[in-house]
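A.B. asks: Before we start, here is the structure in question, set down as structure tokens.
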Amino acid sequence: MSLTPPPIRRLAALVIALCVAWNSPLLAEPLISEAAIESARELTADGPELLPPAPSRTDRAPEPIAPPPLRELSVMLEWYLGLQHAPWILARERGDFGRQALAVELLAPADPEVPSKLLVSERIDLALGRQPQLHLESAAGHPLVRVATLIDSPVSGLIIRQGNGIDSPARLGEGRLAYAVADSPLVARTMLAHHGIELADERLEHRHFDLGQALLAGDVVAVVAPLWITLSAQLTEEGLNTQQFLAEEHGLPAYDGLILMAHRERLAAKSDDIQRLVTALENATLWALNHPEEAWSLLIASEPGLDSAANRRAWPSLLARLAPSPAALDEGRYARFERFLLDAGQLETARPVSRLAIDPSR
């Protein structure tokens, strides 16, 4: 019994037959005789091909693989671009959005009360806001839901002139207060009620983006700041020393200072994009927390308008308040704030947290 595999034997026989034919003295006959060809055909007829077929050739280079199309998201800020938007700026500049196959358009509002209205009317995909705003607007029937937390501590409060004899909200029994956003009257009323003062509507003056100027000009005794950290730093840079009374220290329960809201009825269609967006923001935030100086340098390089003495002063305090895990939801915090509003007479009935906020990673 031969130990040589059949394909090898057939190949050897074919080579021998060709060699014999090549050395044939009958040069008048074909160099490869019909008998040799037939012999080789018989030896190889039943076996597999000895050599693979030659690959096809092309003169054109293969087409490059096209990257997947970017998913577009329009996001409206709650204020003009500022330090509180650092994760968005850094995610854009570091390529975190691109790595999640997202093209994110950041829009600044013409009025700080516009973002939620545009979101409700489905003219934008997402909007920034504050947890108290979410509760109040949801109670009014607006289909808003929290999908991420960007600043995880309260940042609202009252700012007053330093040295005017007011050392407590209890001394704000007279004079007007300026505010900018729809949930600020709730903050102001709660803080003053905590000290036994009822704040009448006529004492509240809506000044939109012009809070700082209202206090500088002496038009009001205090402003209800939605972000006291940066506003107080800006007023100091303009020569006005201020004092701050913080919302969570004067009657309000803890809440998320800056959140990302989606339209509840479009949530299912946007869930994958939202998860990708929150992942990008988380990566950018963690990098900023780990590299604060590099993050500051990248911020002012990409947005030179943020490079000011006031923002340099405010940056460490604001950075410390950025939520390291934006998707994470403190359900107890939202339930407690809902109960607080119910007890304050702002709601007719408390709603389940699932109607107000979700963790998009779950």
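Letters for chains follow the order of the structure tokens (A, B, ...), residue numbers begin at 1 for each chain, and ligand numbers begin at 1 in the order shown.
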Which polymer residues have any atom within 9 Å of an atom of Gln133 of chain A, counting only C-alpha atoms, with same-chain residues fewer than 3 positions away left out, as a PyMOL selection string?

C.D. replies: chain A and resi 129-130+136-138+181-184

A.B. asks: Limited to all heavy atoms, could you put the picked residues into a file as a CSV table (one decimal), in the first residue's frame?

C.D. replies:
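For reference, out_35.csv as written:
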chain,number,residue,atom,x,y,z
A,129,GLY,N,-31.8,72.7,31.1
A,129,GLY,CA,-32.6,73.4,32.1
A,129,GLY,C,-32.2,73.0,33.5
A,129,GLY,O,-31.1,72.6,33.8
A,130,ARG,N,-33.2,73.2,34.4
A,130,ARG,CA,-32.9,73.0,35.9
A,130,ARG,C,-34.0,72.0,36.4
A,130,ARG,O,-35.1,72.0,35.9
A,130,ARG,CB,-32.9,74.3,36.6
A,130,ARG,CG,-31.8,75.3,36.1
A,130,ARG,CD,-32.1,76.7,36.4
A,130,ARG,NE,-33.4,77.1,35.8
A,130,ARG,CZ,-33.5,77.4,34.5
A,130,ARG,NH1,-32.5,77.3,33.7
A,130,ARG,NH2,-34.7,77.7,34.0
A,136,LEU,N,-42.0,72.0,37.5
A,136,LEU,CA,-43.1,72.9,37.3
A,136,LEU,C,-43.7,72.8,35.9
A,136,LEU,O,-44.9,72.8,35.7
A,136,LEU,CB,-42.5,74.3,37.5
A,136,LEU,CG,-42.1,74.7,38.9
A,136,LEU,CD1,-41.5,76.1,39.0
A,136,LEU,CD2,-43.3,74.6,39.9
A,137,GLU,N,-42.8,72.6,34.9
A,137,GLU,CA,-43.3,72.5,33.5
A,137,GLU,C,-44.0,71.2,33.3
A,137,GLU,O,-45.0,71.1,32.5
A,137,GLU,CB,-42.2,72.7,32.5
A,137,GLU,CG,-41.6,74.1,32.6
A,137,GLU,CD,-41.0,74.5,31.3
A,137,GLU,OE1,-41.4,74.0,30.2
A,137,GLU,OE2,-40.1,75.4,31.3
A,138,SER,N,-43.5,70.1,33.9
A,138,SER,CA,-44.2,68.8,33.8
A,138,SER,C,-45.6,68.9,34.4
A,138,SER,O,-46.6,68.3,33.9
A,138,SER,CB,-43.4,67.7,34.5
A,138,SER,OG,-44.0,66.5,34.4
A,181,VAL,N,-35.3,83.4,34.8
A,181,VAL,CA,-35.9,82.2,34.3
A,181,VAL,C,-37.2,81.9,35.1
A,181,VAL,O,-37.4,82.4,36.3
A,181,VAL,CB,-34.9,81.0,34.4
A,181,VAL,CG1,-33.8,81.2,33.4
A,181,VAL,CG2,-34.4,80.8,35.8
A,182,ALA,N,-38.0,81.0,34.6
A,182,ALA,CA,-39.4,80.8,35.1
A,182,ALA,C,-39.4,80.2,36.5
A,182,ALA,O,-40.4,80.4,37.2
A,182,ALA,CB,-40.2,80.0,34.1
A,183,ASP,N,-38.4,79.4,36.8
A,183,ASP,CA,-38.4,78.8,38.2
A,183,ASP,C,-37.8,79.7,39.2
A,183,ASP,O,-37.8,79.3,40.4
A,183,ASP,CB,-37.7,77.4,38.1
A,183,ASP,CG,-36.4,77.4,37.4
A,183,ASP,OD1,-36.3,77.8,36.2
A,183,ASP,OD2,-35.4,77.1,38.0
A,184,SER,N,-37.2,80.8,38.9
A,184,SER,CA,-36.5,81.7,39.9
A,184,SER,C,-37.5,82.2,40.9
A,184,SER,O,-37.2,82.4,42.1
A,184,SER,CB,-35.8,82.8,39.2
A,184,SER,OG,-34.6,82.3,38.6

A.B. asks: List the spatial neighbours of segment 232-236 of chain A as a list of chain:residue names - criterion: any atom at most 10 Å away, only C-alpha atoms, same-chain residues fewer than 6 positions off excluded.

C.D. replies: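 Non-adjacent residues within range: A:Ile159, A:Ile160, A:Arg161, A:Gly212, A:Gln213, A:Leu215, A:Leu216, A:Ala225, A:Thr242, A:Gln243, A:Gln244, A:Ser308, A:Ala309, A:Ala310, A:Asn311, A:Arg312, A:Arg313, A:Ala314, A:Trp315.
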
A.B. asks: Using atom CA of His263 of chain A and atom CA of Leu107 of chain A as the two end points, give the distance in Å to one decimal.

C.D. replies: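 Pair atom CA of His263 of chain A / atom CA of Leu107 of chain A returns 16.8 Å.
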
A.B. asks: Atom CA of Gly82 of chain A and atom CA of Pro316 of chain A are how many Å apart?

C.D. replies: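 Atom CA of Gly82 of chain A sits 13.9 Å away from atom CA of Pro316 of chain A.
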
A.B. asks: Set the distance at 9 Å and use only C-alpha atoms: which residues neighbour Val155 of chain A once local chain neighbours fewer than 4 positions away are removed? I'd like the list as a list of chain:residue names.

C.D. replies: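 The neighbour list is A:Ile151, A:Ala225, A:Pro226, A:Leu227, A:Trp228, A:Ile229, A:Leu246, A:Ala247, A:Glu248, A:Asp256, A:Gly257, A:Leu258, A:Arg321.
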
A.B. asks: Need to verify the contact set: segment 111-121 of chain A, 8 Å, only C-alpha atoms, exclusion of same-chain residues closer than 4 positions in sequence. Can you return it as a PyMOL selection string?

C.D. replies: chain A and resi 76-79+125-129+142-144+180-182+208-209+262-263

A.B. asks: Please determine, counting only C-alpha atoms, which residue among A:Phe337, A:Leu260, A:Phe97, A:Ile300 has the shortest atom-to-atom distance to Val147 of chain A.

C.D. replies: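 The answer is A:Leu260, which sits nearest to Val147 of chain A.
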
A.B. asks: In Å to one decimal, how far is atom CA of Arg189 of chain A from atom CA of Leu204 of chain A?

C.D. replies: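 Distance reported for this atom pair: 9.9 Å.
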
A.B. asks: If you run DSSP on this backbone, which residues of segment 30-269 of chain A come out as strand (DSSP E or B), and could you give them as a ChimeraX atom specification?

C.D. replies: /A:71-76,102-107,126-129,144-151,157-161,177-179,204-206,222-225,242-246,258-263

A.B. asks: Excluding same-chain residues fewer than 3 positions from Glu348 of chain A, what lies within 9 Å of it counting only C-alpha atoms, as a ChimeraX atom specification?

C.D. replies: /A:139,342,345

A.B. asks: Suppose we keep N, CA and C atoms; can you now write the selection as an mmCIF file, in the first residue's frame?

C.D. replies:
data_model
loop_
_atom_site.group_PDB
_atom_site.id
_atom_site.type_symbol
_atom_site.label_atom_id
_atom_site.label_comp_id
_atom_site.auth_asym_id
_atom_site.auth_seq_id
_atom_site.Cartn_x
_atom_site.Cartn_y
_atom_site.Cartn_z
ATOM 1 N N ALA A 139 -45.695 69.607 35.569
ATOM 2 C CA ALA A 139 -46.994 69.770 36.219
ATOM 3 C C ALA A 139 -47.961 70.545 35.335
ATOM 4 N N LEU A 342 -45.510 69.729 46.302
ATOM 5 C CA LEU A 342 -46.878 69.384 46.697
ATOM 6 C C LEU A 342 -47.225 70.037 48.032
ATOM 7 N N GLY A 345 -47.965 73.700 47.902
ATOM 8 C CA GLY A 345 -49.143 74.100 47.162
ATOM 9 C C GLY A 345 -48.894 74.375 45.693
#

A.B. asks: Pick out the residues sitting within 10 Å of segment 294-296 of chain A, and hand them over as a PDB file with N, CA and C atoms, in the first residue's frame; count only C-alpha atoms, and ignore anything fewer than 3 positions along from it in its own chain.

C.D. replies:
ATOM      1  N   LEU A  83     -19.150  78.779  31.325  1.00  0.00           N
ATOM      2  CA  LEU A  83     -18.351  77.707  31.917  1.00  0.00           C
ATOM      3  C   LEU A  83     -19.172  76.461  32.230  1.00  0.00           C
ATOM      4  N   ALA A  86     -18.913  73.548  29.880  1.00  0.00           N
ATOM      5  CA  ALA A  86     -17.575  72.995  29.623  1.00  0.00           C
ATOM      6  C   ALA A  86     -17.615  71.577  29.057  1.00  0.00           C
ATOM      7  N   PRO A  87     -18.415  70.643  29.616  1.00  0.00           N
ATOM      8  CA  PRO A  87     -18.421  69.291  29.039  1.00  0.00           C
ATOM      9  C   PRO A  87     -18.796  69.258  27.564  1.00  0.00           C
ATOM     10  N   ILE A  89     -18.320  71.737  25.301  1.00  0.00           N
ATOM     11  CA  ILE A  89     -17.215  72.300  24.515  1.00  0.00           C
ATOM     12  C   ILE A  89     -16.071  71.296  24.427  1.00  0.00           C
ATOM     13  N   LEU A  90     -15.730  70.680  25.547  1.00  0.00           N
ATOM     14  CA  LEU A  90     -14.614  69.730  25.569  1.00  0.00           C
ATOM     15  C   LEU A  90     -14.934  68.485  24.744  1.00  0.00           C
ATOM     16  N   ALA A 284     -15.832  63.409  28.481  1.00  0.00           N
ATOM     17  CA  ALA A 284     -15.260  64.752  28.521  1.00  0.00           C
ATOM     18  C   ALA A 284     -15.189  65.278  29.955  1.00  0.00           C
ATOM     19  N   THR A 285     -16.217  65.009  30.750  1.00  0.00           N
ATOM     20  CA  THR A 285     -16.240  65.477  32.137  1.00  0.00           C
ATOM     21  C   THR A 285     -15.158  64.810  32.958  1.00  0.00           C
ATOM     22  N   TRP A 287     -12.391  63.557  31.922  1.00  0.00           N
ATOM     23  CA  TRP A 287     -11.088  64.089  31.507  1.00  0.00           C
ATOM     24  C   TRP A 287     -10.835  65.451  32.133  1.00  0.00           C
ATOM     25  N   ALA A 288     -11.848  66.307  32.190  1.00  0.00           N
ATOM     26  CA  ALA A 288     -11.691  67.632  32.788  1.00  0.00           C
ATOM     27  C   ALA A 288     -11.389  67.530  34.282  1.00  0.00           C
ATOM     28  N   LEU A 289     -12.061  66.613  34.964  1.00  0.00           N
ATOM     29  CA  LEU A 289     -11.812  66.441  36.393  1.00  0.00           C
ATOM     30  C   LEU A 289     -10.395  65.934  36.649  1.00  0.00           C
ATOM     31  N   ASN A 290      -9.903  65.102  35.752  1.00  0.00           N
ATOM     32  CA  ASN A 290      -8.543  64.560  35.900  1.00  0.00           C
ATOM     33  C   ASN A 290      -7.468  65.543  35.457  1.00  0.00           C
ATOM     34  N   HIS A 291      -7.808  66.447  34.539  1.00  0.00           N
ATOM     35  CA  HIS A 291      -6.825  67.375  33.966  1.00  0.00           C
ATOM     36  C   HIS A 291      -7.402  68.796  33.926  1.00  0.00           C
ATOM     37  N   LEU A 299     -10.556  74.910  26.741  1.00  0.00           N
ATOM     38  CA  LEU A 299     -11.762  75.727  26.730  1.00  0.00           C
ATOM     39  C   LEU A 299     -11.509  77.093  26.122  1.00  0.00           C
ATOM     40  N   ILE A 300     -10.495  77.777  26.626  1.00  0.00           N
ATOM     41  CA  ILE A 300     -10.273  79.157  26.178  1.00  0.00           C
ATOM     42  C   ILE A 300      -9.643  79.196  24.785  1.00  0.00           C
ATOM     43  N   ALA A 301      -8.967  78.105  24.400  1.00  0.00           N
ATOM     44  CA  ALA A 301      -8.441  78.060  23.030  1.00  0.00           C
ATOM     45  C   ALA A 301      -9.570  77.923  22.014  1.00  0.00           C
ATOM     46  N   LEU A 306     -14.474  83.064  26.628  1.00  0.00           N
ATOM     47  CA  LEU A 306     -14.552  82.589  28.010  1.00  0.00           C
ATOM     48  C   LEU A 306     -13.317  82.945  28.828  1.00  0.00           C
ATOM     49  N   ASP A 307     -12.297  83.447  28.174  1.00  0.00           N
ATOM     50  CA  ASP A 307     -11.041  83.748  28.861  1.00  0.00           C
ATOM     51  C   ASP A 307     -11.142  85.111  29.544  1.00  0.00           C
ATOM     52  N   ASN A 311     -13.999  84.237  34.924  1.00  0.00           N
ATOM     53  CA  ASN A 311     -14.140  82.809  34.659  1.00  0.00           C
ATOM     54  C   ASN A 311     -12.965  82.016  35.227  1.00  0.00           C
ATOM     55  N   ARG A 312     -11.772  82.601  35.210  1.00  0.00           N
ATOM     56  CA  ARG A 312     -10.626  81.931  35.841  1.00  0.00           C
ATOM     57  C   ARG A 312     -10.897  81.736  37.328  1.00  0.00           C
ATOM     58  N   TRP A 315     -13.752  78.959  37.679  1.00  0.00           N
ATOM     59  CA  TRP A 315     -13.532  77.634  37.100  1.00  0.00           C
ATOM     60  C   TRP A 315     -13.374  76.523  38.135  1.00  0.00           C
ATOM     61  N   PRO A 316     -12.547  76.654  39.174  1.00  0.00           N
ATOM     62  CA  PRO A 316     -12.414  75.542  40.136  1.00  0.00           C
ATOM     63  C   PRO A 316     -13.730  75.189  40.825  1.00  0.00           C
ATOM     64  N   LEU A 319     -16.062  73.514  38.185  1.00  0.00           N
ATOM     65  CA  LEU A 319     -15.564  72.192  37.811  1.00  0.00           C
ATOM     66  C   LEU A 319     -15.916  71.157  38.873  1.00  0.00           C
TER      67      LEU A 319
END

A.B. asks: Among segment 36-245 of chain A, which ones does DSSP assign to helix (DSSP H, G or I) (computed from the backbone)? Answer as number ranges by chain.

C.D. replies: A: 36-44, 83-94, 96-99, 114-120, 131-139, 169-171, 184-193, 201-203, 211-216, 228-237

A.B. asks: For the residues selected in the previous step, produce a file with C-alpha atoms as a PDB file, in the first residue's frame.

C.D. replies:
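Writing done, so here's out.pdb:
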ATOM      1  CA  ALA A  36       1.237  11.323 -22.926  1.00  0.00           C
ATOM      2  CA  ILE A  37      -1.574  13.864 -22.753  1.00  0.00           C
ATOM      3  CA  GLU A  38      -4.176  11.096 -22.525  1.00  0.00           C
ATOM      4  CA  SER A  39      -2.159   9.363 -19.829  1.00  0.00           C
ATOM      5  CA  ALA A  40      -1.961  12.523 -17.770  1.00  0.00           C
ATOM      6  CA  ARG A  41      -5.680  13.169 -18.290  1.00  0.00           C
ATOM      7  CA  GLU A  42      -6.548   9.700 -17.011  1.00  0.00           C
ATOM      8  CA  LEU A  43      -4.323  10.097 -13.961  1.00  0.00           C
ATOM      9  CA  THR A  44      -5.876  13.426 -12.898  1.00  0.00           C
ATOM     10  CA  LEU A  83     -18.351  77.707  31.917  1.00  0.00           C
ATOM     11  CA  GLN A  84     -21.302  75.495  32.865  1.00  0.00           C
ATOM     12  CA  HIS A  85     -21.183  74.181  29.303  1.00  0.00           C
ATOM     13  CA  ALA A  86     -17.575  72.995  29.623  1.00  0.00           C
ATOM     14  CA  PRO A  87     -18.421  69.291  29.039  1.00  0.00           C
ATOM     15  CA  TRP A  88     -20.114  70.172  25.741  1.00  0.00           C
ATOM     16  CA  ILE A  89     -17.215  72.300  24.515  1.00  0.00           C
ATOM     17  CA  LEU A  90     -14.614  69.730  25.569  1.00  0.00           C
ATOM     18  CA  ALA A  91     -16.545  66.816  24.047  1.00  0.00           C
ATOM     19  CA  ARG A  92     -16.696  68.721  20.777  1.00  0.00           C
ATOM     20  CA  GLU A  93     -13.026  69.701  20.760  1.00  0.00           C
ATOM     21  CA  ARG A  94     -11.700  66.319  21.935  1.00  0.00           C
ATOM     22  CA  ASP A  96     -15.915  62.636  21.892  1.00  0.00           C
ATOM     23  CA  PHE A  97     -19.062  63.403  19.909  1.00  0.00           C
ATOM     24  CA  GLY A  98     -17.466  62.178  16.686  1.00  0.00           C
ATOM     25  CA  ARG A  99     -16.362  58.916  18.297  1.00  0.00           C
ATOM     26  CA  VAL A 114     -37.186  79.767  25.094  1.00  0.00           C
ATOM     27  CA  PRO A 115     -35.373  76.358  25.219  1.00  0.00           C
ATOM     28  CA  SER A 116     -38.109  74.315  26.880  1.00  0.00           C
ATOM     29  CA  LYS A 117     -40.760  75.885  24.649  1.00  0.00           C
ATOM     30  CA  LEU A 118     -38.869  74.878  21.519  1.00  0.00           C
ATOM     31  CA  LEU A 119     -38.393  71.394  22.912  1.00  0.00           C
ATOM     32  CA  VAL A 120     -42.107  71.011  23.656  1.00  0.00           C
ATOM     33  CA  GLN A 131     -34.625  70.371  38.015  1.00  0.00           C
ATOM     34  CA  PRO A 132     -37.144  72.839  39.580  1.00  0.00           C
ATOM     35  CA  GLN A 133     -38.076  73.965  36.071  1.00  0.00           C
ATOM     36  CA  LEU A 134     -38.683  70.349  35.039  1.00  0.00           C
ATOM     37  CA  HIS A 135     -41.091  69.733  37.926  1.00  0.00           C
ATOM     38  CA  LEU A 136     -43.066  72.924  37.297  1.00  0.00           C
ATOM     39  CA  GLU A 137     -43.325  72.500  33.529  1.00  0.00           C
ATOM     40  CA  SER A 138     -44.199  68.837  33.808  1.00  0.00           C
ATOM     41  CA  ALA A 139     -46.994  69.770  36.219  1.00  0.00           C
ATOM     42  CA  PRO A 169     -32.691  86.939  53.415  1.00  0.00           C
ATOM     43  CA  ALA A 170     -34.710  87.913  56.482  1.00  0.00           C
ATOM     44  CA  ARG A 171     -33.691  91.514  55.760  1.00  0.00           C
ATOM     45  CA  SER A 184     -36.546  81.664  39.859  1.00  0.00           C
ATOM     46  CA  PRO A 185     -39.697  83.118  41.499  1.00  0.00           C
ATOM     47  CA  LEU A 186     -40.198  79.734  43.211  1.00  0.00           C
ATOM     48  CA  VAL A 187     -36.623  79.871  44.497  1.00  0.00           C
ATOM     49  CA  ALA A 188     -36.975  83.434  45.750  1.00  0.00           C
ATOM     50  CA  ARG A 189     -40.367  82.896  47.394  1.00  0.00           C
ATOM     51  CA  THR A 190     -39.186  79.737  49.142  1.00  0.00           C
ATOM     52  CA  MET A 191     -36.025  81.394  50.457  1.00  0.00           C
ATOM     53  CA  LEU A 192     -37.881  84.409  51.816  1.00  0.00           C
ATOM     54  CA  ALA A 193     -40.745  82.283  53.199  1.00  0.00           C
ATOM     55  CA  ASP A 201     -45.541  89.451  42.636  1.00  0.00           C
ATOM     56  CA  GLU A 202     -44.959  93.191  42.186  1.00  0.00           C
ATOM     57  CA  ARG A 203     -41.578  92.885  43.871  1.00  0.00           C
ATOM     58  CA  LEU A 211     -29.356  90.381  35.934  1.00  0.00           C
ATOM     59  CA  GLY A 212     -25.878  91.726  36.568  1.00  0.00           C
ATOM     60  CA  GLN A 213     -26.672  95.148  35.147  1.00  0.00           C
ATOM     61  CA  ALA A 214     -29.795  95.391  37.291  1.00  0.00           C
ATOM     62  CA  LEU A 215     -27.711  94.968  40.443  1.00  0.00           C
ATOM     63  CA  LEU A 216     -24.847  97.175  39.223  1.00  0.00           C
ATOM     64  CA  TRP A 228     -24.566  82.327  41.197  1.00  0.00           C
ATOM     65  CA  ILE A 229     -20.975  81.052  40.810  1.00  0.00           C
ATOM     66  CA  THR A 230     -20.254  82.776  37.514  1.00  0.00           C
ATOM     67  CA  LEU A 231     -22.492  85.812  38.046  1.00  0.00           C
ATOM     68  CA  SER A 232     -20.883  86.753  41.352  1.00  0.00           C
ATOM     69  CA  ALA A 233     -17.427  86.386  39.776  1.00  0.00           C
ATOM     70  CA  GLN A 234     -18.443  88.644  36.878  1.00  0.00           C
ATOM     71  CA  LEU A 235     -19.806  91.312  39.241  1.00  0.00           C
ATOM     72  CA  THR A 236     -16.589  91.238  41.251  1.00  0.00           C
ATOM     73  CA  GLU A 237     -14.592  91.783  38.044  1.00  0.00           C
TER      74      GLU A 237
END
